[in-house]
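For reference, upload25.csv (CSV, C-alpha atoms and all ligand atoms):
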```csv
chain,number,residue,atom,x,y,z
A,1,MET,CA,-14.5,16.3,4.1
A,2,THR,CA,-10.9,17.1,5.0
A,3,LEU,CA,-9.2,15.5,8.0
A,4,ASN,CA,-7.4,17.6,10.6
A,5,PHE,CA,-4.0,16.1,10.8
A,6,THR,CA,-1.5,17.0,13.5
A,7,PRO,CA,2.1,15.9,13.6
A,8,ALA,CA,2.8,12.6,15.5
A,9,GLY,CA,5.0,12.9,18.5
A,10,GLY,CA,7.7,10.8,20.2
A,11,LEU,CA,9.7,8.3,18.1
A,12,LEU,CA,7.5,9.1,15.0
A,13,ALA,CA,8.5,12.7,15.1
A,14,GLU,CA,12.2,11.7,14.9
A,15,LEU,CA,11.8,10.0,11.5
A,16,ASP,CA,13.5,12.7,9.4
A,17,LEU,CA,12.8,11.1,6.0
A,18,LEU,CA,9.1,10.7,6.6
A,19,ARG,CA,6.3,13.0,7.7
A,20,VAL,CA,3.9,11.2,10.1
A,21,GLU,CA,0.7,12.8,11.2
A,22,LEU,CA,-2.5,11.7,12.8
A,23,ALA,CA,-6.2,12.6,12.6
A,24,GLY,CA,-8.0,10.4,15.1
A,25,PRO,CA,-8.0,6.8,13.8
A,26,ILE,CA,-6.3,7.8,10.5
A,27,ALA,CA,-2.6,8.1,10.1
A,28,HIS,CA,-0.8,9.8,7.2
A,29,VAL,CA,2.7,8.7,6.4
A,30,GLN,CA,4.5,10.6,3.7
A,31,LEU,CA,7.8,9.7,2.0
A,32,ASN,CA,9.6,12.9,2.5
A,33,ARG,CA,12.8,13.1,0.4
A,34,PRO,CA,11.5,15.0,-2.6
A,35,GLY,CA,14.9,16.3,-3.6
A,36,LYS,CA,15.8,12.7,-4.5
A,37,ARG,CA,12.3,11.9,-5.7
A,38,ASN,CA,11.7,9.9,-2.5
A,39,ALA,CA,14.3,7.3,-3.6
A,40,ILE,CA,14.5,4.7,-0.8
A,41,SER,CA,17.8,4.5,1.0
A,42,ASP,CA,18.3,1.7,3.6
A,43,GLY,CA,17.7,4.3,6.4
A,44,MET,CA,14.5,5.4,4.8
A,45,LEU,CA,13.3,1.8,4.4
A,46,GLN,CA,13.9,1.2,8.1
A,47,GLN,CA,12.1,4.4,9.0
A,48,LEU,CA,9.1,3.3,6.9
A,49,GLN,CA,9.0,0.0,8.8
A,50,THR,CA,9.5,1.7,12.1
A,51,ALA,CA,6.6,4.2,11.4
A,52,PHE,CA,4.1,1.5,10.6
A,53,VAL,CA,5.1,-0.7,13.5
A,54,ASN,CA,4.9,2.3,16.0
A,55,LEU,CA,1.7,4.1,14.9
A,56,PRO,CA,-0.5,4.4,17.9
A,57,ALA,CA,-2.9,1.6,18.9
A,58,GLY,CA,-6.0,3.6,18.0
A,59,VAL,CA,-5.0,3.9,14.3
A,60,ARG,CA,-7.5,2.0,12.1
A,61,ALA,CA,-6.3,3.0,8.6
A,62,ALA,CA,-3.4,4.8,7.1
A,63,VAL,CA,-2.7,6.9,4.0
A,64,LEU,CA,0.7,6.6,2.4
A,65,SER,CA,1.8,9.4,0.0
A,66,GLY,CA,5.0,10.9,-1.5
A,67,ALA,CA,6.2,14.5,-1.2
A,68,GLY,CA,7.0,16.5,-4.3
A,69,GLU,CA,6.5,15.6,-7.9
A,70,HIS,CA,6.6,11.8,-7.6
A,71,PHE,CA,5.4,9.1,-5.3
A,72,CYS,CA,8.6,7.2,-5.3
A,73,ALA,CA,11.7,6.7,-7.6
A,74,GLY,CA,12.3,3.2,-6.0
A,75,LEU,CA,15.5,2.0,-4.5
A,76,ASP,CA,18.2,4.6,-4.0
A,77,LEU,CA,20.6,3.4,-6.7
A,78,THR,CA,23.6,4.9,-5.1
A,79,SER,CA,23.4,2.1,-2.5
A,80,LEU,CA,23.7,-0.9,-4.8
A,81,SER,CA,26.8,-0.6,-7.0
A,82,GLU,CA,29.3,-1.8,-4.4
A,83,SER,CA,27.4,-4.6,-2.7
A,84,THR,CA,28.4,-8.3,-2.7
A,85,VAL,CA,26.0,-11.2,-3.6
A,86,ALA,CA,25.5,-12.0,0.1
A,87,GLU,CA,24.8,-8.4,0.9
A,88,GLY,CA,22.3,-8.3,-2.0
A,89,VAL,CA,20.4,-11.3,-0.6
A,90,MET,CA,20.2,-9.7,2.9
A,91,HIS,CA,19.2,-6.3,1.3
A,92,SER,CA,16.3,-8.0,-0.5
A,93,ARG,CA,15.2,-9.8,2.6
A,94,MET,CA,15.2,-6.5,4.5
A,95,TRP,CA,13.0,-4.9,1.8
A,96,GLN,CA,10.7,-8.0,1.9
A,97,GLY,CA,10.4,-7.7,5.6
A,98,ALA,CA,9.4,-4.1,5.4
A,99,MET,CA,6.9,-4.7,2.7
A,100,ASP,CA,5.4,-7.6,4.8
A,101,THR,CA,5.0,-5.1,7.6
A,102,LEU,CA,2.9,-2.9,5.4
A,103,GLN,CA,0.8,-5.7,3.9
A,104,PHE,CA,0.3,-7.7,7.0
A,105,GLY,CA,0.3,-4.9,9.6
A,106,ARG,CA,-2.4,-3.9,12.0
A,107,PHE,CA,-4.5,-1.8,9.7
A,108,PRO,CA,-5.1,-1.3,6.0
A,109,ILE,CA,-3.1,1.2,4.0
A,110,VAL,CA,-4.4,3.4,1.2
A,111,SER,CA,-1.7,4.7,-1.1
A,112,SER,CA,-2.1,8.0,-2.9
A,113,LEU,CA,0.0,7.8,-6.1
A,114,HIS,CA,1.2,10.5,-8.4
A,115,GLY,CA,4.1,10.9,-10.9
A,116,ALA,CA,6.7,8.1,-10.9
A,117,VAL,CA,5.7,4.9,-9.1
A,118,VAL,CA,8.7,2.9,-10.2
A,119,GLY,CA,10.9,0.0,-9.1
A,120,GLY,CA,10.8,-0.3,-5.4
A,121,GLY,CA,8.2,2.5,-5.4
A,122,LEU,CA,5.9,0.2,-7.2
A,123,GLU,CA,6.8,-2.6,-4.8
A,124,ILE,CA,5.8,-0.3,-1.9
A,125,ALA,CA,2.5,0.6,-3.6
A,126,SER,CA,1.8,-3.0,-4.3
A,127,ALA,CA,2.2,-3.9,-0.6
A,128,THR,CA,-0.6,-1.4,0.3
A,129,HIS,CA,-4.2,-2.5,0.2
A,130,ILE,CA,-5.9,0.2,-1.9
A,131,ARG,CA,-4.2,2.4,-4.5
A,132,VAL,CA,-5.6,5.7,-5.6
A,133,ALA,CA,-3.8,7.2,-8.6
A,134,GLU,CA,-3.8,10.7,-9.9
A,135,THR,CA,-3.7,11.2,-13.7
A,136,SER,CA,0.0,12.1,-13.5
A,137,THR,CA,0.9,8.6,-12.3
A,138,TYR,CA,3.0,6.2,-14.3
A,139,TYR,CA,4.3,2.7,-13.4
A,140,GLY,CA,7.6,1.3,-14.4
A,141,LEU,CA,10.0,-1.5,-13.4
A,142,PRO,CA,13.4,-0.3,-14.7
A,143,GLU,CA,15.2,-3.1,-12.9
A,144,GLY,CA,15.4,-4.9,-16.2
A,145,GLN,CA,17.2,-2.0,-17.8
A,146,HIS,CA,19.5,-1.6,-14.8
A,147,GLY,CA,20.6,-5.3,-15.0
A,148,ILE,CA,19.0,-6.2,-11.7
A,149,PHE,CA,15.8,-7.9,-10.5
A,150,VAL,CA,13.0,-6.8,-8.2
A,151,GLY,CA,13.9,-7.5,-4.6
A,152,GLY,CA,11.2,-6.0,-2.5
A,153,GLY,CA,8.5,-8.5,-3.0
A,154,GLY,CA,7.6,-7.3,-6.5
A,155,SER,CA,7.8,-10.7,-8.1
A,156,ALA,CA,5.1,-12.0,-5.7
A,157,ARG,CA,2.8,-8.9,-5.6
A,158,VAL,CA,3.0,-7.3,-9.0
A,159,PRO,CA,1.8,-10.4,-10.9
A,160,ARG,CA,-1.1,-10.7,-8.5
A,161,LEU,CA,-2.2,-7.3,-9.6
A,162,VAL,CA,-1.5,-7.2,-13.3
A,163,GLY,CA,-0.4,-10.7,-14.3
A,164,VAL,CA,3.0,-12.3,-15.1
A,165,ALA,CA,2.8,-11.2,-18.8
A,166,CYS,CA,2.4,-7.5,-18.0
A,167,MET,CA,5.2,-7.6,-15.5
A,168,THR,CA,7.4,-9.5,-18.0
A,169,ASP,CA,6.7,-6.8,-20.6
A,170,MET,CA,7.5,-4.0,-18.1
A,171,MET,CA,10.8,-5.6,-17.1
A,172,LEU,CA,12.0,-7.1,-20.4
A,173,CYS,CA,10.9,-4.3,-22.7
A,174,GLY,CA,10.9,-1.3,-20.3
A,175,ARG,CA,7.2,-0.8,-20.9
A,176,VAL,CA,5.8,2.0,-18.8
A,177,LEU,CA,2.1,2.1,-18.0
A,178,ASP,CA,0.3,5.4,-17.7
A,179,ALA,CA,-2.4,6.1,-15.1
A,180,GLN,CA,-5.3,5.0,-17.4
A,181,GLU,CA,-3.6,1.7,-18.3
A,182,GLY,CA,-2.7,1.2,-14.6
A,183,LEU,CA,-6.3,1.4,-13.7
A,184,GLN,CA,-7.4,-0.9,-16.5
A,185,ARG,CA,-4.8,-3.5,-15.7
A,186,GLY,CA,-5.2,-3.4,-11.9
A,187,PHE,CA,-2.4,-1.3,-10.4
A,188,SER,CA,-4.9,1.2,-9.0
A,189,GLN,CA,-8.4,0.7,-7.9
A,190,TYR,CA,-9.2,4.4,-8.3
A,191,LEU,CA,-8.2,7.1,-10.8
A,192,VAL,CA,-8.7,10.8,-9.9
A,193,GLY,CA,-7.7,14.2,-11.2
A,194,ALA,CA,-4.5,16.1,-10.5
A,195,GLY,CA,-4.2,17.1,-6.8
A,196,GLU,CA,-7.3,15.0,-5.8
A,197,GLY,CA,-5.5,11.8,-4.7
A,198,PHE,CA,-4.8,12.6,-1.1
A,199,ALA,CA,-8.4,13.7,-0.4
A,200,LYS,CA,-9.8,10.6,-2.1
A,201,ALA,CA,-7.3,8.4,-0.1
A,202,CYS,CA,-8.4,10.0,3.1
A,203,GLU,CA,-12.1,9.5,2.3
A,204,LEU,CA,-11.4,5.8,1.7
A,205,ALA,CA,-9.3,5.5,4.8
A,206,ARG,CA,-12.2,7.0,6.9
A,207,ARG,CA,-14.6,4.5,5.4
A,208,ILE,CA,-12.2,1.6,6.2
A,209,ALA,CA,-11.7,2.9,9.7
A,210,GLY,CA,-15.4,2.6,10.3
A,211,ASN,CA,-15.5,-1.2,9.4
A,212,ALA,CA,-15.6,-3.9,12.0
A,213,PRO,CA,-12.1,-4.8,13.1
A,214,LEU,CA,-12.4,-8.6,12.6
A,215,SER,CA,-13.9,-8.1,9.2
A,216,VAL,CA,-10.9,-5.9,8.3
A,217,PHE,CA,-8.6,-8.6,9.7
A,218,ALA,CA,-10.3,-11.2,7.5
A,219,ILE,CA,-10.0,-9.1,4.4
A,220,THR,CA,-6.4,-8.0,4.9
A,221,GLN,CA,-4.9,-11.2,6.5
A,222,ALA,CA,-7.1,-14.1,5.4
A,223,LEU,CA,-8.1,-13.1,1.8
A,224,PRO,CA,-4.6,-12.9,0.3
A,225,ARG,CA,-3.6,-16.2,2.0
A,226,ILE,CA,-6.7,-17.9,0.8
A,227,ALA,CA,-5.9,-16.8,-2.7
A,228,ASP,CA,-2.6,-18.7,-2.5
A,229,MET,CA,-4.3,-21.9,-1.2
A,230,SER,CA,-5.8,-24.8,-3.1
A,231,GLN,CA,-9.6,-24.2,-3.4
A,232,PRO,CA,-10.6,-26.9,-0.8
A,233,ASP,CA,-8.0,-25.5,1.7
A,234,GLY,CA,-9.1,-22.0,1.0
A,235,LEU,CA,-12.8,-22.8,1.5
A,236,PHE,CA,-12.0,-24.5,4.8
A,237,VAL,CA,-10.1,-21.4,6.1
A,238,GLU,CA,-12.9,-19.2,4.7
A,239,SER,CA,-15.5,-21.0,6.8
A,240,LEU,CA,-13.5,-20.6,10.0
A,241,MET,CA,-12.8,-16.9,9.3
A,242,ALA,CA,-16.4,-16.3,8.5
A,243,ALA,CA,-17.5,-17.9,11.8
A,244,ILE,CA,-15.0,-15.8,13.7
A,245,ALA,CA,-16.0,-12.6,12.1
A,246,GLN,CA,-19.7,-13.3,12.5
A,247,GLY,CA,-19.3,-14.2,16.2
A,248,ASP,CA,-18.0,-10.8,17.1
A,249,GLU,CA,-20.6,-8.7,19.1
A,250,GLY,CA,-19.9,-5.6,16.9
A,251,ALA,CA,-20.8,-7.6,13.8
A,252,LYS,CA,-24.0,-8.9,15.4
A,253,GLN,CA,-25.0,-5.4,16.2
A,254,ARG,CA,-24.3,-4.2,12.7
A,255,MET,CA,-26.5,-7.0,11.3
A,256,ARG,CA,-29.3,-6.2,13.8
A,257,ASP,CA,-29.0,-2.5,12.7
A,258,PHE,CA,-29.6,-3.5,9.1
A,259,VAL,CA,-32.5,-5.9,9.9
A,260,GLU,CA,-34.2,-3.1,12.0
A,261,GLY,CA,-33.7,-0.5,9.3
A,262,ARG,CA,-31.0,1.6,10.9
A,263,ALA,CA,-28.1,0.7,8.5
A,264,ALA,CA,-27.4,2.0,5.0
A,265,LYS,CA,-28.6,0.0,2.0
A,266,VAL,CA,-26.4,-0.9,-0.9
A,267,ARG,CA,-27.1,1.8,-3.6
A,268,ARG,CA,-26.4,1.8,-7.3
A,269,PRO,CA,-23.3,4.0,-8.0
A,270,SER,CA,-24.3,7.6,-9.0
B,301,LIG,C1,17.7,9.2,-7.4
B,301,LIG,C2,16.8,8.2,-7.8
B,301,LIG,C3,17.1,6.9,-7.4
B,301,LIG,C4,16.2,10.1,-8.6
B,301,LIG,N1,18.2,6.6,-6.7
B,301,LIG,N2,18.8,8.9,-6.7
B,301,LIG,N3,14.7,3.6,-9.8
B,301,LIG,C5,14.9,4.1,-11.0
B,301,LIG,O1,15.5,3.5,-11.9
B,301,LIG,C6,14.3,5.4,-11.3
B,301,LIG,C7,15.4,6.4,-11.4
B,301,LIG,N4,14.9,7.8,-11.4
B,301,LIG,C8,14.3,8.4,-12.5
B,301,LIG,O2,14.0,7.8,-13.5
B,301,LIG,C9,13.9,9.8,-12.4
B,301,LIG,O3,14.7,10.4,-11.4
B,301,LIG,C10,12.5,10.1,-12.0
B,301,LIG,C11,11.6,9.7,-13.3
B,301,LIG,C12,12.0,9.3,-10.8
B,301,LIG,C13,12.3,11.6,-11.7
B,301,LIG,O4,12.8,12.4,-12.8
B,301,LIG,P1,13.0,13.9,-12.5
B,301,LIG,O5,13.5,14.5,-13.8
B,301,LIG,O6,11.9,14.5,-11.8
B,301,LIG,O7,14.2,14.0,-11.4
B,301,LIG,P2,15.8,13.7,-11.6
B,301,LIG,O8,16.5,15.0,-12.0
B,301,LIG,O9,16.1,12.6,-12.4
B,301,LIG,O10,16.3,13.4,-10.1
B,301,LIG,C14,16.4,14.3,-9.1
B,301,LIG,C15,17.4,13.9,-8.1
B,301,LIG,O11,17.0,12.6,-7.5
B,301,LIG,C16,18.7,13.6,-8.8
B,301,LIG,O12,19.7,13.8,-7.8
B,301,LIG,P3,20.6,15.2,-7.9
B,301,LIG,O13,21.6,15.1,-6.8
B,301,LIG,O14,21.3,15.2,-9.3
B,301,LIG,O15,19.6,16.3,-7.8
B,301,LIG,C17,18.7,12.1,-9.0
B,301,LIG,O16,19.9,11.5,-9.1
B,301,LIG,C18,18.0,11.6,-7.8
B,301,LIG,N5,17.3,10.3,-7.9
B,301,LIG,N6,15.9,8.8,-8.6
B,301,LIG,C19,19.0,7.7,-6.3
B,301,LIG,N7,16.3,5.8,-7.7
B,301,LIG,C20,14.1,-3.5,-3.6
B,301,LIG,S1,14.8,-3.5,-5.1
B,301,LIG,C21,14.1,-2.2,-6.0
B,301,LIG,C22,14.9,-1.9,-7.2
B,301,LIG,C23,14.6,-0.6,-7.8
B,301,LIG,O17,13.9,0.2,-7.3
B,301,LIG,S2,15.4,-0.3,-9.2
B,301,LIG,C24,14.6,1.2,-9.8
B,301,LIG,C25,15.3,2.4,-9.3
```
Let's see the structure in the file written out as C-alpha cells.
Amino acid sequence: MTLNFTPAGGLLAELDLLRVELAGPIAHVQLNRPGKRNAISDGMLQQLQTAFVNLPAGVRAAVLSGAGEHFCAGLDLTSLSESTVAEGVMHSRMWQGAMDTLQFGRFPIVSSLHGAVVGGGLEIASATHIRVAETSTYYGLPEGQHGIFVGGGGSARVPRLVGVACMTDMMLCGRVLDAQEGLQRGFSQYLVGAGEGFAKACELARRIAGNAPLSVFAITQALPRIADMSQPDGLFVESLMAAIAQGDEGAKQRMRDFVEGRAAKVRRPS
C-alpha cells in the first residue's frame, strides 16, 4: 500500500538540500543533492538535524532516503582539506551530535538504501534503526584510503552492526561489501529488488507507527543503552523499563485484545 505524501510546510520547506514530506504519522526525509551524490556539507548536516528535530509532534516513524543513483557519498570532501586539528575535533562533534539526534530522537527511522552507502553515508545509515537495502547497495569506508578516520559516530555504531574485524578490513584494506554481504553481516535487516526499497521502508514505518509509544521508546532508547551495560546493570534497567511499558493503559488494552481474541497471532513467515 502506497502512502500519500505531501510536502511539509514552514521551516521544513525551507531546507533546500532535503526533501521533507508527510503522510499522517509517517515522515519522509530525502537527502536531495543528487548532483554531488548526496555528499554531506556542513550546511546539509545541519539541515538534516533541523529536519528531524522539527518534524511535527504527530510523526511516529520516518523514512530516510537519498535522491538519485546513490544513498550518500559521505562527507563532502571539499570541506576537509583546509581545516585545523581543533576544527576537525569540532567538526566530528557536530556530526556526532547530528547522528545522536537521529538515533535517540522521538521516533524510529527506517533508511532506504541504494547505490553507494559510504563513509559518512554509512555513519548516517548506522544511526537509523532499520535499514532496507536494494540490490544495488554497497557499503564502504574509504576514510582509510583518504588518510582520515571516521568522525560521525562510525567507530561506535558500525562495529555494533558488523563487528570490529569487518570494519577494520573495510578501513585498512578498502574492502567494499555488496548488498548480499551487507545483509549477511548485519548492515541491513532487509534486502529487496531494484526500486523496491522505498515502498518496503514505508511498509515497515507504517507498522512501527502502529506500535505502542512506550514500547517504541524502550526499544529505541533503552535497548542500545542496555547493550552497553554490564549484564546485572542491564537486567536492572530492563526490569524498570518493562514495568513502565506494561503500566501504560494502551499496552494493557493491547494485551486484553489478545487474550480476548481480537489481536493478530504470531504467524510463521510465508
Ligand atoms: C563529491 C563526493 C564527496 C561525489 N564529496 N563531492 N566519501 C568518499 O570518499 C566517496 C567519494 N565519492 C565516490 O567514490 C563517488 O563519487 C561515488 C561512488 C559516490 C559516486 O560515483 P559516480 O560515478 O556516480 O559520481 P562521481 O562522478 O564520482 O561524482 C559526481 C559529482 O559528485 C562529482 O562532482 P562534479 O562537480 O565533478 O560533477 C564529484 O566530485 C561529487 N562527489 N562524492 C564531494 N564525498 C564524519 S566524517 C565522514 C568521512 C567520510 O565520509 S570520508 C568518505 C567520503
### Non-local contacts of stretch 3-9 of chain A (12 Å; only C-alpha atoms; under 2 positions in same chain excluded) as a PyMOL selection string
chain A and resi 1+11-15+18-30+51+54-56+59+62-63+198-206
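Picture a line from atom C11 of ligand LIG 301 (chain B) to atom CA of A:Ser65; it runs 16.5 Å.
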Give the padded box for ligand LIG 301 (chain B) as JSON: axis-aligned, covering all atoms listed in the file, 6 Å on each side, centre and edge lengths in Å to one decimal.
```
{"center_x": 16.6, "center_y": 6.4, "center_z": -8.7, "size_x": 22.0, "size_y": 31.8, "size_z": 22.2}
```
#### Entry: Using all atoms listed in the file: which of A:Val89, A:Ile40, A:Ala61, A:Leu102 has the shortest distance to A:Gly210
A:Ala61
### Query
How would you write, as number ranges by chain, the set of residues no farther than 10 Å from ligand LIG 301 (chain B) when counting all atoms listed in the file?
A: 33-42, 45, 68-80, 88, 91-96, 99, 115-124, 138, 140-154
Could you please take those selected residues and save C-alpha atoms as a JSON list (two decimals), in the frame of the given file?
```
[["chain", "number", "residue", "atom", "x", "y", "z"],
["A", 33, "ARG", "CA", 12.80, 13.10, 0.40],
["A", 34, "PRO", "CA", 11.50, 15.00, -2.60],
["A", 35, "GLY", "CA", 14.90, 16.30, -3.60],
["A", 36, "LYS", "CA", 15.80, 12.70, -4.50],
["A", 37, "ARG", "CA", 12.30, 11.90, -5.70],
["A", 38, "ASN", "CA", 11.70, 9.90, -2.50],
["A", 39, "ALA", "CA", 14.30, 7.30, -3.60],
["A", 40, "ILE", "CA", 14.50, 4.70, -0.80],
["A", 41, "SER", "CA", 17.80, 4.50, 1.00],
["A", 42, "ASP", "CA", 18.30, 1.70, 3.60],
["A", 45, "LEU", "CA", 13.30, 1.80, 4.40],
["A", 68, "GLY", "CA", 7.00, 16.50, -4.30],
["A", 69, "GLU", "CA", 6.50, 15.60, -7.90],
["A", 70, "HIS", "CA", 6.60, 11.80, -7.60],
["A", 71, "PHE", "CA", 5.40, 9.10, -5.30],
["A", 72, "CYS", "CA", 8.60, 7.20, -5.30],
["A", 73, "ALA", "CA", 11.70, 6.70, -7.60],
["A", 74, "GLY", "CA", 12.30, 3.20, -6.00],
["A", 75, "LEU", "CA", 15.50, 2.00, -4.50],
["A", 76, "ASP", "CA", 18.20, 4.60, -4.00],
["A", 77, "LEU", "CA", 20.60, 3.40, -6.70],
["A", 78, "THR", "CA", 23.60, 4.90, -5.10],
["A", 79, "SER", "CA", 23.40, 2.10, -2.50],
["A", 80, "LEU", "CA", 23.70, -0.90, -4.80],
["A", 88, "GLY", "CA", 22.30, -8.30, -2.00],
["A", 91, "HIS", "CA", 19.20, -6.30, 1.30],
["A", 92, "SER", "CA", 16.30, -8.00, -0.50],
["A", 93, "ARG", "CA", 15.20, -9.80, 2.60],
["A", 94, "MET", "CA", 15.20, -6.50, 4.50],
["A", 95, "TRP", "CA", 13.00, -4.90, 1.80],
["A", 96, "GLN", "CA", 10.70, -8.00, 1.90],
["A", 99, "MET", "CA", 6.90, -4.70, 2.70],
["A", 115, "GLY", "CA", 4.10, 10.90, -10.90],
["A", 116, "ALA", "CA", 6.70, 8.10, -10.90],
["A", 117, "VAL", "CA", 5.70, 4.90, -9.10],
["A", 118, "VAL", "CA", 8.70, 2.90, -10.20],
["A", 119, "GLY", "CA", 10.90, 0.00, -9.10],
["A", 120, "GLY", "CA", 10.80, -0.30, -5.40],
["A", 121, "GLY", "CA", 8.20, 2.50, -5.40],
["A", 122, "LEU", "CA", 5.90, 0.20, -7.20],
["A", 123, "GLU", "CA", 6.80, -2.60, -4.80],
["A", 124, "ILE", "CA", 5.80, -0.30, -1.90],
["A", 138, "TYR", "CA", 3.00, 6.20, -14.30],
["A", 140, "GLY", "CA", 7.60, 1.30, -14.40],
["A", 141, "LEU", "CA", 10.00, -1.50, -13.40],
["A", 142, "PRO", "CA", 13.40, -0.30, -14.70],
["A", 143, "GLU", "CA", 15.20, -3.10, -12.90],
["A", 144, "GLY", "CA", 15.40, -4.90, -16.20],
["A", 145, "GLN", "CA", 17.20, -2.00, -17.80],
["A", 146, "HIS", "CA", 19.50, -1.60, -14.80],
["A", 147, "GLY", "CA", 20.60, -5.30, -15.00],
["A", 148, "ILE", "CA", 19.00, -6.20, -11.70],
["A", 149, "PHE", "CA", 15.80, -7.90, -10.50],
["A", 150, "VAL", "CA", 13.00, -6.80, -8.20],
["A", 151, "GLY", "CA", 13.90, -7.50, -4.60],
["A", 152, "GLY", "CA", 11.20, -6.00, -2.50],
["A", 153, "GLY", "CA", 8.50, -8.50, -3.00],
["A", 154, "GLY", "CA", 7.60, -7.30, -6.50]]
```
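Atom CA of A:Ala86 to atom CA of A:Asp100 spans 21.1 Å [interatomic distance, one decimal].
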### Task
Between atom CA of A:Phe104 and atom CA of A:Ala67, measure the distance and give it in Å to one decimal.
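Here the two named atoms are 24.4 Å from each other.
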### Query
Near A:Val53, counting all atoms listed in the file, which residues have an atom at most 10 Å away, once you skip same-chain residues fewer than 5 positions from it, shown as a list in words?
Gln47, Leu48, Ala98, Thr101, Leu102, Gly105 and Arg106 of chain A
### Query
So which one's closest to A:Leu64, A:Gln103, A:Ser111, A:Thr2, A:Asn32? Using all atoms listed in the file, please.
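Comparing A:Gln103, A:Ser111, A:Thr2, A:Asn32 against A:Leu64, the winner is A:Ser111.
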Within 8 Å of file point (2.4, 5.6, -19.1), counting only C-alpha atoms, expressed as a PDB file with C-alpha atoms, in the frame of the given file:
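To be explicit, this is the file written out as out.pdb:
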```pdb
ATOM      1  CA  THR A 137       0.900   8.600 -12.300  1.00  0.00           C
ATOM      2  CA  TYR A 138       3.000   6.200 -14.300  1.00  0.00           C
ATOM      3  CA  TYR A 139       4.300   2.700 -13.400  1.00  0.00           C
ATOM      4  CA  VAL A 176       5.800   2.000 -18.800  1.00  0.00           C
ATOM      5  CA  LEU A 177       2.100   2.100 -18.000  1.00  0.00           C
ATOM      6  CA  ASP A 178       0.300   5.400 -17.700  1.00  0.00           C
ATOM      7  CA  ALA A 179      -2.400   6.100 -15.100  1.00  0.00           C
ATOM      8  CA  GLN A 180      -5.300   5.000 -17.400  1.00  0.00           C
ATOM      9  CA  GLU A 181      -3.600   1.700 -18.300  1.00  0.00           C
TER      10      GLU A 181
END
```
### Query
Smallest atom-to-atom distance to A:Arg225: which of A:Val237, A:Ala209, A:Phe52, A:Cys166, using all atoms listed in the file?
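Result for the nearest residue to A:Arg225: A:Val237.
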### Task
With a distance cut-off of 12 Å and only C-alpha atoms, select the neighbouring residues of A:Lys252, excluding the residue or stretch itself and same-chain residues fewer than 5 positions from it, and output the selection as a list in words.
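Neighbouring residues, sequence-local ones excluded: Ala212, Leu214, Ser215, Ala243, Ile244, Ala245, Gln246, Gly247, Asp257, Phe258 and Val259 of chain A.
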Write out, as an mmCIF file, keeping the file's coordinate frame, the residues just selected, with C-alpha atoms.
```
data_model
loop_
_atom_site.group_PDB
_atom_site.id
_atom_site.type_symbol
_atom_site.label_atom_id
_atom_site.label_comp_id
_atom_site.auth_asym_id
_atom_site.auth_seq_id
_atom_site.Cartn_x
_atom_site.Cartn_y
_atom_site.Cartn_z
ATOM 1 C CA ALA A 212 -15.600 -3.900 12.000
ATOM 2 C CA LEU A 214 -12.400 -8.600 12.600
ATOM 3 C CA SER A 215 -13.900 -8.100 9.200
ATOM 4 C CA ALA A 243 -17.500 -17.900 11.800
ATOM 5 C CA ILE A 244 -15.000 -15.800 13.700
ATOM 6 C CA ALA A 245 -16.000 -12.600 12.100
ATOM 7 C CA GLN A 246 -19.700 -13.300 12.500
ATOM 8 C CA GLY A 247 -19.300 -14.200 16.200
ATOM 9 C CA ASP A 257 -29.000 -2.500 12.700
ATOM 10 C CA PHE A 258 -29.600 -3.500 9.100
ATOM 11 C CA VAL A 259 -32.500 -5.900 9.900
#
```
As a PDB file, in the coordinates of the input, could you write out stretch 142-150 of chain A once it has been completed with N, CA, C and O atoms?
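Printed below is part-v4.pdb as written:
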```pdb
ATOM      1  N   PRO A 142      12.134  -0.418 -13.956  1.00  0.00           N
ATOM      2  CA  PRO A 142      13.400  -0.300 -14.700  1.00  0.00           C
ATOM      3  C   PRO A 142      14.492  -1.211 -14.290  1.00  0.00           C
ATOM      4  O   PRO A 142      15.590  -1.148 -14.847  1.00  0.00           O
ATOM      5  N   GLU A 143      14.185  -2.110 -13.344  1.00  0.00           N
ATOM      6  CA  GLU A 143      15.200  -3.100 -12.900  1.00  0.00           C
ATOM      7  C   GLU A 143      15.785  -3.826 -14.098  1.00  0.00           C
ATOM      8  O   GLU A 143      16.986  -4.108 -14.140  1.00  0.00           O
ATOM      9  N   GLY A 144      14.909  -4.185 -15.038  1.00  0.00           N
ATOM     10  CA  GLY A 144      15.400  -4.900 -16.200  1.00  0.00           C
ATOM     11  C   GLY A 144      16.421  -4.163 -16.986  1.00  0.00           C
ATOM     12  O   GLY A 144      17.391  -4.735 -17.493  1.00  0.00           O
ATOM     13  N   GLN A 145      16.265  -2.849 -17.068  1.00  0.00           N
ATOM     14  CA  GLN A 145      17.200  -2.000 -17.800  1.00  0.00           C
ATOM     15  C   GLN A 145      18.485  -1.774 -16.957  1.00  0.00           C
ATOM     16  O   GLN A 145      19.560  -1.534 -17.502  1.00  0.00           O
ATOM     17  N   HIS A 146      18.359  -1.830 -15.629  1.00  0.00           N
ATOM     18  CA  HIS A 146      19.500  -1.600 -14.800  1.00  0.00           C
ATOM     19  C   HIS A 146      20.340  -2.901 -14.590  1.00  0.00           C
ATOM     20  O   HIS A 146      21.372  -2.902 -13.916  1.00  0.00           O
ATOM     21  N   GLY A 147      19.873  -4.016 -15.168  1.00  0.00           N
ATOM     22  CA  GLY A 147      20.600  -5.300 -15.000  1.00  0.00           C
ATOM     23  C   GLY A 147      20.372  -5.951 -13.692  1.00  0.00           C
ATOM     24  O   GLY A 147      21.183  -6.786 -13.270  1.00  0.00           O
ATOM     25  N   ILE A 148      19.293  -5.577 -13.012  1.00  0.00           N
ATOM     26  CA  ILE A 148      19.000  -6.200 -11.700  1.00  0.00           C
ATOM     27  C   ILE A 148      17.623  -6.847 -11.766  1.00  0.00           C
ATOM     28  O   ILE A 148      17.025  -6.980 -12.843  1.00  0.00           O
ATOM     29  N   PHE A 149      17.100  -7.249 -10.632  1.00  0.00           N
ATOM     30  CA  PHE A 149      15.800  -7.900 -10.500  1.00  0.00           C
ATOM     31  C   PHE A 149      15.034  -7.172  -9.425  1.00  0.00           C
ATOM     32  O   PHE A 149      15.645  -6.462  -8.625  1.00  0.00           O
ATOM     33  N   VAL A 150      13.744  -7.338  -9.372  1.00  0.00           N
ATOM     34  CA  VAL A 150      13.000  -6.800  -8.200  1.00  0.00           C
ATOM     35  C   VAL A 150      13.492  -7.542  -6.959  1.00  0.00           C
ATOM     36  O   VAL A 150      13.888  -8.701  -7.033  1.00  0.00           O
TER      37      VAL A 150
END
```
